[in-house]
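What follows is a set of notes on a single structure, which appears directly below.
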Amino acid sequence: MVTRSEILVLGLTAGVIGSLVGGMMLGVGMGLISQGAHIGWLLALPGAPAGGLIGLLLARRLARRLPG
């Protein structure tokens with residue numbers, strides 16, 4: 001059974017790790033773009049979806065523990 005504290009930890013973990021990963025991708029990508037390297041767009045554009053994907057994977061791992 002999943003407890004309330006595990007759901008809280010899931011939300012906090014997904015938020016922190018997602019922000020770090022998405023922010024780093026966006027920051028490095030924008031740095032490359034400002035230097036004139038077009039390859040930076042490959043990092044900047046998927047920054048937010050990559051951060052959300054981490055939360056999705058964490059939630060699926062927690063959902064596997066549900067009975068049924």
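Ordering of the structure tokens sets the chain letters (A, B, ...), residue numbers begin anew at 1 in every chain, and ligands are numbered from 1 in the order given.
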
(request) Excluding Leu57 (chain A) and any residue of its chain fewer than 5 positions from it, enumerate the residues within 12 Å of it, using only C-alpha atoms, and give them as a list of chain:residue names. (result)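 Within the cut-off, the hits are A:Leu10, A:Gly11, A:Thr13, A:Ala14, A:Ile17, A:Gly18, A:Ala50, A:Gly51, A:Gly52, A:Leu62, A:Ala63, A:Arg64.
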
(request) Please measure the separation of CA of Gly22 (chain A) and CA of Gly47 (chain A), giving the value in Å to one decimal. (result)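 Distance between the two atoms: 4.4 Å.
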
(message) Between CA of Gly29 (chain A) and CA of Leu43 (chain A), what is the distance in Å, rounded to a tenth?
(response)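 So the two atoms, CA of Gly29 (chain A) and CA of Leu43 (chain A), lie 4.8 Å apart.
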
(request) Give the helix (DSSP H, G or I) residues of region 1-53 of chain A, as DSSP finds them on the backbone, and put them as number ranges by chain. (result) A: 4-34, 38-44, 47-53
